[in-house]
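Shown next: query.cif, given as mmCIF, C-alpha atoms.
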```cif
data_query
loop_
_atom_site.label_atom_id
_atom_site.label_comp_id
_atom_site.auth_asym_id
_atom_site.auth_seq_id
_atom_site.Cartn_x
_atom_site.Cartn_y
_atom_site.Cartn_z
CA MET A 16 -91.76 -150.59 -102.07
CA ASP A 17 -95.42 -149.60 -101.67
CA ASP A 18 -96.89 -147.76 -98.68
CA SER A 19 -98.47 -150.78 -97.02
CA SER A 20 -95.29 -152.86 -97.08
CA ALA A 21 -93.30 -149.83 -95.84
CA ILE A 22 -95.76 -149.40 -92.96
CA GLN A 23 -95.58 -153.10 -92.20
CA ARG A 24 -91.78 -152.95 -92.07
CA CYS A 25 -91.84 -149.79 -89.90
CA ARG A 26 -94.09 -151.57 -87.43
CA SER A 27 -91.57 -154.40 -87.24
CA GLY A 28 -88.90 -151.87 -86.29
CA ASP A 29 -87.34 -151.14 -89.71
CA LYS A 30 -86.69 -147.41 -89.45
CA GLU A 31 -85.24 -147.23 -92.95
CA ALA A 32 -88.65 -148.20 -94.33
CA PHE A 33 -90.02 -144.99 -92.87
CA ARG A 34 -87.74 -143.16 -95.29
CA HIS A 35 -89.97 -144.36 -98.12
CA LEU A 36 -93.00 -142.70 -96.52
CA VAL A 37 -91.16 -139.47 -95.71
CA GLU A 38 -89.68 -139.14 -99.19
CA SER A 39 -92.94 -140.04 -100.91
CA TYR A 40 -95.03 -137.45 -99.09
CA GLN A 41 -92.67 -134.72 -97.86
CA ALA A 42 -93.24 -132.38 -100.83
CA GLU A 43 -97.02 -132.68 -100.59
CA ALA A 44 -96.91 -132.27 -96.80
CA ILE A 45 -94.68 -129.20 -96.94
CA GLY A 46 -97.02 -127.63 -99.53
CA HIS A 47 -100.01 -128.27 -97.28
CA ALA A 48 -98.24 -126.97 -94.19
CA ILE A 49 -97.24 -123.79 -96.05
CA SER A 50 -100.89 -123.34 -97.00
CA ILE A 51 -101.89 -123.37 -93.35
CA LEU A 52 -98.93 -121.57 -91.80
CA GLY A 53 -98.04 -119.15 -94.59
CA ASN A 54 -94.28 -119.55 -94.39
CA THR A 55 -91.71 -122.21 -95.22
CA GLU A 56 -89.74 -122.24 -91.94
CA ASP A 57 -92.74 -123.00 -89.74
CA ALA A 58 -94.02 -125.46 -92.33
CA LEU A 59 -90.77 -127.45 -92.28
CA ASP A 60 -90.87 -127.61 -88.47
CA ALA A 61 -94.50 -128.73 -88.49
CA VAL A 62 -93.90 -131.41 -91.14
CA GLN A 63 -90.91 -132.83 -89.26
CA GLU A 64 -92.88 -132.99 -86.03
CA ALA A 65 -95.85 -134.53 -87.84
CA PHE A 66 -93.69 -137.31 -89.31
CA ILE A 67 -92.27 -138.06 -85.85
CA ASP A 68 -95.84 -138.16 -84.48
CA ALA A 69 -96.87 -140.44 -87.34
CA TYR A 70 -93.96 -142.78 -86.66
CA GLN A 71 -95.04 -143.04 -83.03
CA ALA A 72 -98.66 -143.60 -84.04
CA LEU A 73 -97.95 -146.18 -86.80
CA PRO A 74 -98.71 -149.18 -84.54
CA ARG A 75 -102.28 -147.85 -84.35
CA PHE A 76 -102.59 -147.17 -88.10
CA ASP A 77 -105.44 -149.01 -89.81
CA PRO A 78 -103.90 -150.71 -92.89
CA ALA A 79 -107.24 -150.46 -94.69
CA ARG A 80 -106.78 -146.68 -94.89
CA ARG A 81 -104.52 -144.75 -97.21
CA PHE A 82 -101.47 -143.26 -95.49
CA TYR A 83 -101.65 -139.63 -96.57
CA PRO A 84 -105.24 -138.74 -95.51
CA TRP A 85 -104.42 -140.27 -92.11
CA PHE A 86 -101.13 -138.38 -91.96
CA TYR A 87 -102.85 -135.14 -92.99
CA ILE A 88 -104.90 -135.17 -89.76
CA ILE A 89 -101.67 -135.36 -87.76
CA LEU A 90 -100.07 -132.67 -89.90
CA ARG A 91 -102.89 -130.16 -89.59
CA HIS A 92 -103.01 -130.76 -85.84
CA ARG A 93 -99.29 -129.92 -85.69
CA CYS A 94 -99.76 -126.86 -87.90
CA TYR A 95 -102.61 -125.40 -85.86
CA LYS A 96 -100.75 -126.11 -82.63
CA LEU A 97 -97.77 -124.21 -84.00
CA ALA A 98 -100.00 -121.41 -85.26
CA ALA A 99 -101.67 -121.08 -81.85
CA GLY A 100 -98.30 -120.94 -80.12
CA ARG A 101 -96.78 -118.17 -82.17
CA LYS A 102 -97.56 -114.55 -81.35
CA LYS A 103 -97.71 -113.10 -84.82
CA ARG A 104 -97.27 -114.55 -88.26
CA GLU A 105 -93.92 -114.01 -89.87
CA MET A 106 -95.10 -112.91 -93.27
CA SER A 107 -93.21 -114.41 -96.15
CA SER A 108 -91.17 -112.25 -98.44
CA THR A 109 -93.26 -110.63 -101.13
CA ASP A 110 -90.47 -111.01 -103.72
CA GLU A 111 -91.20 -114.63 -104.41
CA PRO A 112 -94.32 -116.68 -103.71
CA VAL A 113 -94.02 -119.53 -101.21
CA MET A 114 -97.34 -121.19 -101.91
CA LEU A 115 -97.98 -120.75 -105.63
CA GLU A 116 -95.76 -121.61 -108.56
CA LEU A 117 -94.86 -118.90 -111.04
CA THR A 118 -95.65 -120.56 -114.36
CA THR A 119 -95.43 -119.34 -117.91
CA SER A 120 -99.18 -119.79 -118.36
CA ASN A 121 -100.01 -117.29 -115.58
CA ARG A 122 -99.18 -113.60 -115.26
CA PRO A 123 -96.66 -113.19 -112.41
CA GLU A 124 -98.48 -110.14 -110.98
CA GLU A 125 -101.72 -112.14 -110.88
CA THR A 126 -100.03 -114.97 -109.01
CA MET A 127 -98.30 -112.57 -106.60
CA SER A 128 -101.51 -110.68 -105.83
CA LEU A 129 -103.37 -113.92 -105.30
CA GLU A 130 -100.64 -115.24 -103.02
CA GLN A 131 -100.66 -112.06 -100.93
CA ALA A 132 -104.45 -112.11 -100.68
CA LEU A 133 -104.34 -115.77 -99.63
CA LEU A 134 -101.74 -115.01 -96.97
CA GLU A 135 -104.02 -112.36 -95.48
CA LEU A 136 -106.83 -114.87 -95.00
CA LYS A 137 -107.38 -116.81 -91.80
CA ASP A 138 -105.42 -120.08 -91.71
CA GLU A 139 -108.62 -122.17 -91.95
CA ASP A 140 -109.90 -120.26 -95.00
CA ARG A 141 -106.56 -120.57 -96.78
CA GLU A 142 -106.37 -124.28 -96.04
CA LEU A 143 -109.85 -124.90 -97.40
CA ILE A 144 -109.42 -122.82 -100.56
CA THR A 145 -106.07 -124.35 -101.45
CA LEU A 146 -107.26 -127.90 -100.84
CA ARG A 147 -110.25 -127.27 -103.10
CA HIS A 148 -108.63 -125.29 -105.88
CA LEU A 149 -104.95 -126.29 -105.92
CA ASP A 150 -105.43 -129.96 -105.05
CA GLY A 151 -108.89 -130.31 -106.58
CA LEU A 152 -110.38 -132.14 -103.61
CA SER A 153 -114.12 -132.80 -103.85
CA TYR A 154 -116.55 -131.77 -101.09
CA GLU A 155 -116.61 -135.38 -99.95
CA GLU A 156 -112.83 -135.54 -99.69
CA LEU A 157 -112.72 -132.16 -97.94
CA ALA A 158 -115.31 -133.33 -95.43
CA GLU A 159 -113.20 -136.42 -94.71
CA ARG A 160 -109.96 -134.47 -94.40
CA LEU A 161 -111.39 -131.73 -92.19
CA ASP A 162 -113.81 -133.96 -90.30
CA VAL A 163 -116.88 -131.77 -90.91
CA PRO A 164 -120.16 -132.34 -92.79
CA MET A 165 -120.36 -131.53 -96.51
CA GLY A 166 -122.93 -128.78 -95.87
CA THR A 167 -120.39 -127.08 -93.61
CA ILE A 168 -117.76 -127.38 -96.34
CA MET A 169 -120.17 -125.69 -98.77
CA SER A 170 -120.83 -122.70 -96.50
CA ARG A 171 -117.24 -122.35 -95.26
CA LEU A 172 -115.87 -122.48 -98.78
CA HIS A 173 -118.39 -119.90 -99.99
CA ASN A 174 -117.53 -117.50 -97.17
CA ALA A 175 -113.80 -118.09 -97.60
CA ARG A 176 -114.00 -117.30 -101.33
CA LYS A 177 -115.95 -114.12 -100.61
CA ARG A 178 -113.28 -113.03 -98.14
CA LEU A 179 -110.57 -113.84 -100.66
CA ARG A 180 -112.33 -111.75 -103.30
CA GLU A 181 -112.44 -108.81 -100.87
CA LYS A 182 -108.73 -109.14 -100.14
CA LEU A 183 -107.96 -109.37 -103.85
CA THR A 184 -109.90 -106.23 -104.71
CA ARG A 185 -107.99 -104.37 -102.01
CA HIS A 186 -104.74 -105.50 -103.58
CA SER A 187 -103.16 -104.27 -106.76
CA PHE A 188 -104.86 -106.95 -108.81
CA THR A 189 -108.03 -105.02 -109.60
CA ASN A 190 -107.93 -105.27 -113.37
CA SER A 191 -109.52 -108.65 -113.57
CA PRO A 192 -113.15 -108.42 -114.66
CA GLY A 193 -113.94 -111.32 -112.37
CA VAL A 194 -112.89 -109.79 -109.12
CA LYS A 195 -113.82 -106.15 -109.58
CA GLN A 196 -116.50 -104.91 -107.24
CA MET B 1 -135.99 -127.50 -97.35
CA THR B 2 -133.41 -124.73 -97.69
CA GLU B 3 -134.84 -121.23 -97.69
CA LEU B 4 -134.43 -119.61 -101.08
CA ASN B 5 -132.66 -116.31 -100.51
CA CYS B 6 -129.88 -114.58 -102.43
CA GLU B 7 -127.11 -115.85 -100.15
CA SER B 8 -128.23 -119.49 -100.26
CA VAL B 9 -128.70 -119.37 -104.04
CA CYS B 10 -125.19 -117.96 -104.58
CA MET B 11 -123.74 -120.58 -102.26
CA ALA B 12 -125.65 -123.35 -104.04
CA ALA B 13 -124.62 -122.06 -107.47
CA MET B 14 -120.95 -122.19 -106.46
CA ALA B 15 -121.36 -125.64 -104.94
CA LEU B 16 -122.92 -126.83 -108.19
CA ALA B 17 -119.96 -125.39 -110.12
CA ASP B 18 -117.69 -127.36 -107.75
CA GLY B 19 -119.50 -130.59 -108.63
CA TYR B 20 -121.51 -130.88 -105.43
CA GLU B 21 -125.29 -131.36 -105.53
CA PRO B 22 -126.81 -128.80 -103.11
CA GLU B 23 -130.35 -128.99 -101.67
CA ILE B 24 -131.52 -126.21 -103.98
CA SER B 25 -132.09 -127.63 -107.46
CA ARG B 26 -130.33 -126.44 -110.59
CA ASP B 27 -133.67 -125.19 -111.99
CA GLN B 28 -134.34 -123.10 -108.88
CA ILE B 29 -130.83 -121.64 -109.03
CA GLU B 30 -131.12 -120.78 -112.70
CA ALA B 31 -134.58 -119.26 -112.24
CA HIS B 32 -133.35 -117.08 -109.38
CA LEU B 33 -130.24 -115.97 -111.26
CA ALA B 34 -132.31 -115.08 -114.31
CA ASN B 35 -134.35 -112.65 -112.23
CA CYS B 36 -131.70 -111.31 -109.84
CA PRO B 37 -128.93 -109.18 -111.40
CA ALA B 38 -127.11 -108.82 -108.03
CA CYS B 39 -126.81 -112.59 -107.63
CA ARG B 40 -125.78 -112.98 -111.28
CA GLU B 41 -122.93 -110.53 -110.69
CA GLU B 42 -121.96 -112.14 -107.37
CA VAL B 43 -121.84 -115.65 -108.87
CA GLY B 44 -120.02 -114.36 -111.95
CA GLN B 45 -117.29 -112.81 -109.80
CA LEU B 46 -116.92 -115.89 -107.63
CA ARG B 47 -116.73 -118.15 -110.69
CA SER B 48 -113.99 -115.95 -112.14
CA LEU B 49 -112.14 -116.17 -108.86
CA ALA B 50 -112.50 -119.97 -108.93
CA THR B 51 -111.15 -120.01 -112.50
CA LEU B 52 -108.19 -117.85 -111.46
CA LEU B 53 -107.47 -120.18 -108.53
CA GLY B 54 -107.86 -123.23 -110.76
CA LYS B 55 -105.10 -121.96 -113.07
CA GLN B 56 -102.59 -121.86 -110.22
CA GLN B 57 -100.24 -124.65 -109.21
CA ARG B 58 -98.97 -125.43 -105.76
CA ARG B 59 -95.27 -124.70 -105.40
CA GLN B 60 -93.34 -127.94 -105.09
CA SER B 61 -90.83 -128.06 -102.28
CA VAL B 62 -87.45 -129.65 -102.96
CA GLU B 63 -86.42 -129.78 -99.30
CA SER B 64 -85.39 -133.16 -97.95
CA ILE B 65 -86.36 -133.55 -94.32
CA TRP B 66 -85.34 -137.21 -93.98
CA PRO B 67 -81.85 -136.50 -92.48
CA ALA B 68 -83.43 -134.39 -89.71
CA ILE B 69 -86.11 -136.99 -89.01
CA LYS B 70 -83.76 -139.97 -89.15
CA THR B 71 -81.68 -138.75 -86.20
CA ARG B 72 -84.79 -138.49 -84.02
CA LEU B 73 -86.39 -141.83 -84.86
CA PRO B 74 -84.49 -144.17 -82.49
CA GLN B 75 -85.92 -142.41 -79.43
CA ALA B 76 -89.20 -141.32 -80.97
CA ARG B 77 -91.38 -144.34 -80.25
CA GLU B 78 -90.24 -144.78 -76.63
CA GLN B 79 -90.55 -141.04 -75.99
CA GLY B 80 -94.00 -141.09 -77.51
CA LYS B 81 -95.16 -143.78 -75.12
CA SER B 82 -93.73 -142.16 -71.98
CA SER B 83 -94.70 -138.57 -72.83
CA THR B 84 -98.27 -139.64 -73.61
CA MET B 85 -98.64 -141.67 -70.44
CA PHE B 86 -96.77 -139.48 -67.96
CA PRO B 87 -99.55 -136.94 -67.13
CA PHE B 88 -102.02 -139.76 -66.51
CA ILE B 89 -99.58 -141.72 -64.32
CA PHE B 90 -98.95 -138.53 -62.33
CA LEU B 91 -102.68 -137.93 -61.96
CA GLY B 92 -103.22 -141.53 -60.82
CA VAL B 93 -100.48 -141.24 -58.17
CA LEU B 94 -101.92 -137.93 -56.99
CA LEU B 95 -105.42 -139.38 -56.63
CA ALA B 96 -104.10 -142.48 -54.84
CA GLY B 97 -102.24 -140.19 -52.39
CA TYR B 98 -105.42 -138.21 -51.85
CA LYS B 99 -107.34 -141.38 -51.08
CA LEU B 100 -104.76 -142.45 -48.49
CA VAL B 101 -105.01 -139.07 -46.73
CA GLU B 102 -108.79 -139.23 -46.89
CA LEU B 103 -108.75 -142.65 -45.16
CA ALA B 104 -107.06 -141.17 -42.08
CA PRO B 105 -109.53 -141.65 -39.19
CA ASP B 106 -111.27 -138.83 -37.28
CA ARG B 107 -110.20 -136.08 -39.64
CA ASP B 108 -112.47 -133.59 -41.36
CA PHE B 109 -110.61 -131.56 -43.98
CA GLY B 110 -113.65 -129.55 -45.13
CA LEU B 111 -115.42 -129.03 -48.44
CA LEU B 112 -112.39 -127.82 -50.39
CA PHE B 113 -110.57 -131.07 -49.60
CA LYS B 114 -113.56 -133.09 -50.80
CA LEU B 115 -113.54 -131.18 -54.06
CA ALA B 116 -109.80 -131.70 -54.56
CA PRO B 117 -110.08 -134.75 -56.92
CA ILE B 118 -112.36 -132.83 -59.26
CA ILE B 119 -109.96 -129.88 -59.18
CA PHE B 120 -107.01 -132.19 -59.96
CA ILE B 121 -108.79 -133.75 -62.93
CA VAL B 122 -110.02 -130.44 -64.36
CA ALA B 123 -106.55 -128.92 -63.92
CA ALA B 124 -104.90 -131.91 -65.61
CA PHE B 125 -107.16 -131.83 -68.67
CA SER B 126 -106.89 -128.02 -68.87
CA LEU B 127 -103.09 -128.24 -68.85
CA LEU B 128 -103.20 -130.98 -71.49
CA LYS B 129 -105.65 -128.84 -73.47
CA GLN B 130 -107.91 -131.86 -73.89
CA ASN B 131 -111.63 -132.10 -73.42
CA PRO B 132 -112.39 -135.69 -72.37
CA PHE B 133 -116.05 -135.27 -73.41
CA GLU B 134 -115.33 -134.04 -76.91
CA ILE B 135 -115.09 -136.37 -79.89
CA ASN B 136 -112.64 -134.87 -82.35
CA SER B 137 -110.08 -135.89 -84.90
CA GLU B 138 -107.25 -135.88 -82.36
CA LEU B 139 -108.99 -138.35 -80.09
CA LYS B 140 -110.00 -140.42 -83.10
CA LEU B 141 -106.38 -140.50 -84.13
CA GLU B 142 -105.24 -141.70 -80.72
CA GLY B 143 -107.83 -144.46 -80.78
CA GLU B 144 -106.87 -145.82 -84.16
#
```
Please render this file's structure as structure tokens.
Amino acid sequence: MDDSSAIQRCRSGDKEAFRHLVESYQAEAIGHAISILGNTEDALDAVQEAFIDAYQALPRFDPARRFYPWFYIILRHRCYKLAAGRKKREMSSTDEPVMLELTTSNRPEETMSLEQALLELKDEDRELITLRHLDGLSYEELAERLDVPMGTIMSRLHNARKRLREKLTRHSFTNSPGVKQ
Amino acid sequence: MTELNCESVCMAAMALADGYEPEISRDQIEAHLANCPACREEVGQLRSLATLLGKQQRRQSVESIWPAIKTRLPQAREQGKSSTMFPFIFLGVLLAGYKLVELAPDRDFGLLFKLAPIIFIVAAFSLLKQNPFEINSELKLEGE
């Protein structure tokens, strides 16, 4: 089943068809929610709420659009609402990264330092950097997702990367020639 | 025309590395970098950071959230309709009640009473955390 036929069936009241959408995009959505919220528990709550919101909003979905970019707007709204409602971030355990994958091609201490530095950034900076560098979104795609002009993406991304570099140099990962000050 | 200073050149150099064509041309960026060691170092560091980020992979979640969502779907659409409409129905009833009181003959309730509808509307939108004059993604989403 493809997305458009699943959406069509959902609109006709077939709730099981919504399963296709949830199972197709849940991993991606959880990853994006973790990037904004910085921990898995809040991210799972936000993603569940966002899928419920999406289900309610499906009758207004424009079939000419792709599902996930439309859903992402709902998801980030849910994430920022949750972030605004909580008093203080529950920082994730430092033993294991929640956002980045430990791979054999990367040094674990590099990945851990980067993850910690990312978690110390503002939610908006972390969202932008991860969308650009982990998902490889272009400036045009970022502008569409975040609903801001491309010039704004350029300046926000530049400032976010500078802040990340500062956080990284304050962390243990100071051996890299690229991020030394 | 973008002013050519160190900050804007560094920003443009990074944008160029990201595949975006900034207002400052590649030649201008390269000429500035050739003559400005501070910018060369700044851009070098930021490019290294971009390379480091580019080597990372997003952690893939294996959680299945369908069972939790499935149990909430039967009520979701009806709840969505009523919860979205309720504040506006309440506001409508309140304003209608106000109008009925206002129609009472030979009564002058003063300035505060005359301002009451505005206060109701401002209070309602403040509680809903919505700005009716703002065009944003949330409103766009509702209108789709």
Given a cut-off of 7 Å, which residues of chain A touch chain B, counting only C-alpha atoms, written out as JSON, numbers by chain? {"A": [34, 37, 42, 45, 46, 63, 67, 71, 75, 76, 77, 113, 114, 115, 116, 148, 149, 154, 162, 169, 170, 173, 193, 194]}
For a quick check of understanding, using only C-alpha atoms, which of B:Leu115, B:Leu4, B:Leu103, B:Cys36 has the smallest distance to B:Ile24? B:Leu4
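For the pair atom CA of A:Tyr70 and atom CA of A:Pro164, the separation is 28.9 Å.
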Expansion of the PyMOL selection byres ((chain A and resi 142) around 12) into residues, as a PyMOL selection string: chain A and resi 46-53+87+91+94-95+114+133-134+136-141+143-150+152+157+160-161+168+171-172+175-176
Would you save the residues of that selection, restricted to C-alpha atoms, as an mmCIF file, keeping the file's coordinate frame?
```cif
data_model
loop_
_atom_site.group_PDB
_atom_site.id
_atom_site.type_symbol
_atom_site.label_atom_id
_atom_site.label_comp_id
_atom_site.auth_asym_id
_atom_site.auth_seq_id
_atom_site.Cartn_x
_atom_site.Cartn_y
_atom_site.Cartn_z
ATOM 1 C CA GLY A 46 -97.020 -127.630 -99.530
ATOM 2 C CA HIS A 47 -100.010 -128.270 -97.280
ATOM 3 C CA ALA A 48 -98.240 -126.970 -94.190
ATOM 4 C CA ILE A 49 -97.240 -123.790 -96.050
ATOM 5 C CA SER A 50 -100.890 -123.340 -97.000
ATOM 6 C CA ILE A 51 -101.890 -123.370 -93.350
ATOM 7 C CA LEU A 52 -98.930 -121.570 -91.800
ATOM 8 C CA GLY A 53 -98.040 -119.150 -94.590
ATOM 9 C CA TYR A 87 -102.850 -135.140 -92.990
ATOM 10 C CA ARG A 91 -102.890 -130.160 -89.590
ATOM 11 C CA CYS A 94 -99.760 -126.860 -87.900
ATOM 12 C CA TYR A 95 -102.610 -125.400 -85.860
ATOM 13 C CA MET A 114 -97.340 -121.190 -101.910
ATOM 14 C CA LEU A 133 -104.340 -115.770 -99.630
ATOM 15 C CA LEU A 134 -101.740 -115.010 -96.970
ATOM 16 C CA LEU A 136 -106.830 -114.870 -95.000
ATOM 17 C CA LYS A 137 -107.380 -116.810 -91.800
ATOM 18 C CA ASP A 138 -105.420 -120.080 -91.710
ATOM 19 C CA GLU A 139 -108.620 -122.170 -91.950
ATOM 20 C CA ASP A 140 -109.900 -120.260 -95.000
ATOM 21 C CA ARG A 141 -106.560 -120.570 -96.780
ATOM 22 C CA LEU A 143 -109.850 -124.900 -97.400
ATOM 23 C CA ILE A 144 -109.420 -122.820 -100.560
ATOM 24 C CA THR A 145 -106.070 -124.350 -101.450
ATOM 25 C CA LEU A 146 -107.260 -127.900 -100.840
ATOM 26 C CA ARG A 147 -110.250 -127.270 -103.100
ATOM 27 C CA HIS A 148 -108.630 -125.290 -105.880
ATOM 28 C CA LEU A 149 -104.950 -126.290 -105.920
ATOM 29 C CA ASP A 150 -105.430 -129.960 -105.050
ATOM 30 C CA LEU A 152 -110.380 -132.140 -103.610
ATOM 31 C CA LEU A 157 -112.720 -132.160 -97.940
ATOM 32 C CA ARG A 160 -109.960 -134.470 -94.400
ATOM 33 C CA LEU A 161 -111.390 -131.730 -92.190
ATOM 34 C CA ILE A 168 -117.760 -127.380 -96.340
ATOM 35 C CA ARG A 171 -117.240 -122.350 -95.260
ATOM 36 C CA LEU A 172 -115.870 -122.480 -98.780
ATOM 37 C CA ALA A 175 -113.800 -118.090 -97.600
ATOM 38 C CA ARG A 176 -114.000 -117.300 -101.330
#
```
Which value, in Å to one decimal, gives the distance between atom CA of B:Met85 and atom CA of A:Arg24?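 Between atom CA of B:Met85 and atom CA of A:Arg24 the gap is 25.3 Å.
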Considering all atoms listed in the file, return as a ChimeraX atom specification whatever protein or nucleic-acid residues lie within 9 Å of A:Leu36, sequence-local ones (same chain, fewer than 6 positions apart) excluded. /A:17-18,21-22,82
Students should find that atom CA of A:Glu130 and atom CA of A:Pro112 are spaced 6.5 Å
Give as number ranges by chain the residues that the PyMOL selection byres ((chain A and resi 93) around 10) matches when applied to the coordinates above. A: 48, 58, 60-66, 68, 87-92, 94-99
Please enumerate the residues selected by the PyMOL selection byres ((chain B and resi 95) around 12) when evaluated against the supplied file, formatted as an NGL selection string. :B and (88-94 or 96-102 or 114-121 or 124)
Report, as lines of an AutoDock Vina configuration file, the centre and edge lengths in Å (one decimal) of the axis-aligned box enclosing every listed atom of stretch 5-12 of chain B, padded by 4 Å on each side.
```
center_x = -128.2
center_y = -119.0
center_z = -102.4
size_x = 16.9
size_y = 16.8
size_z = 12.4
```
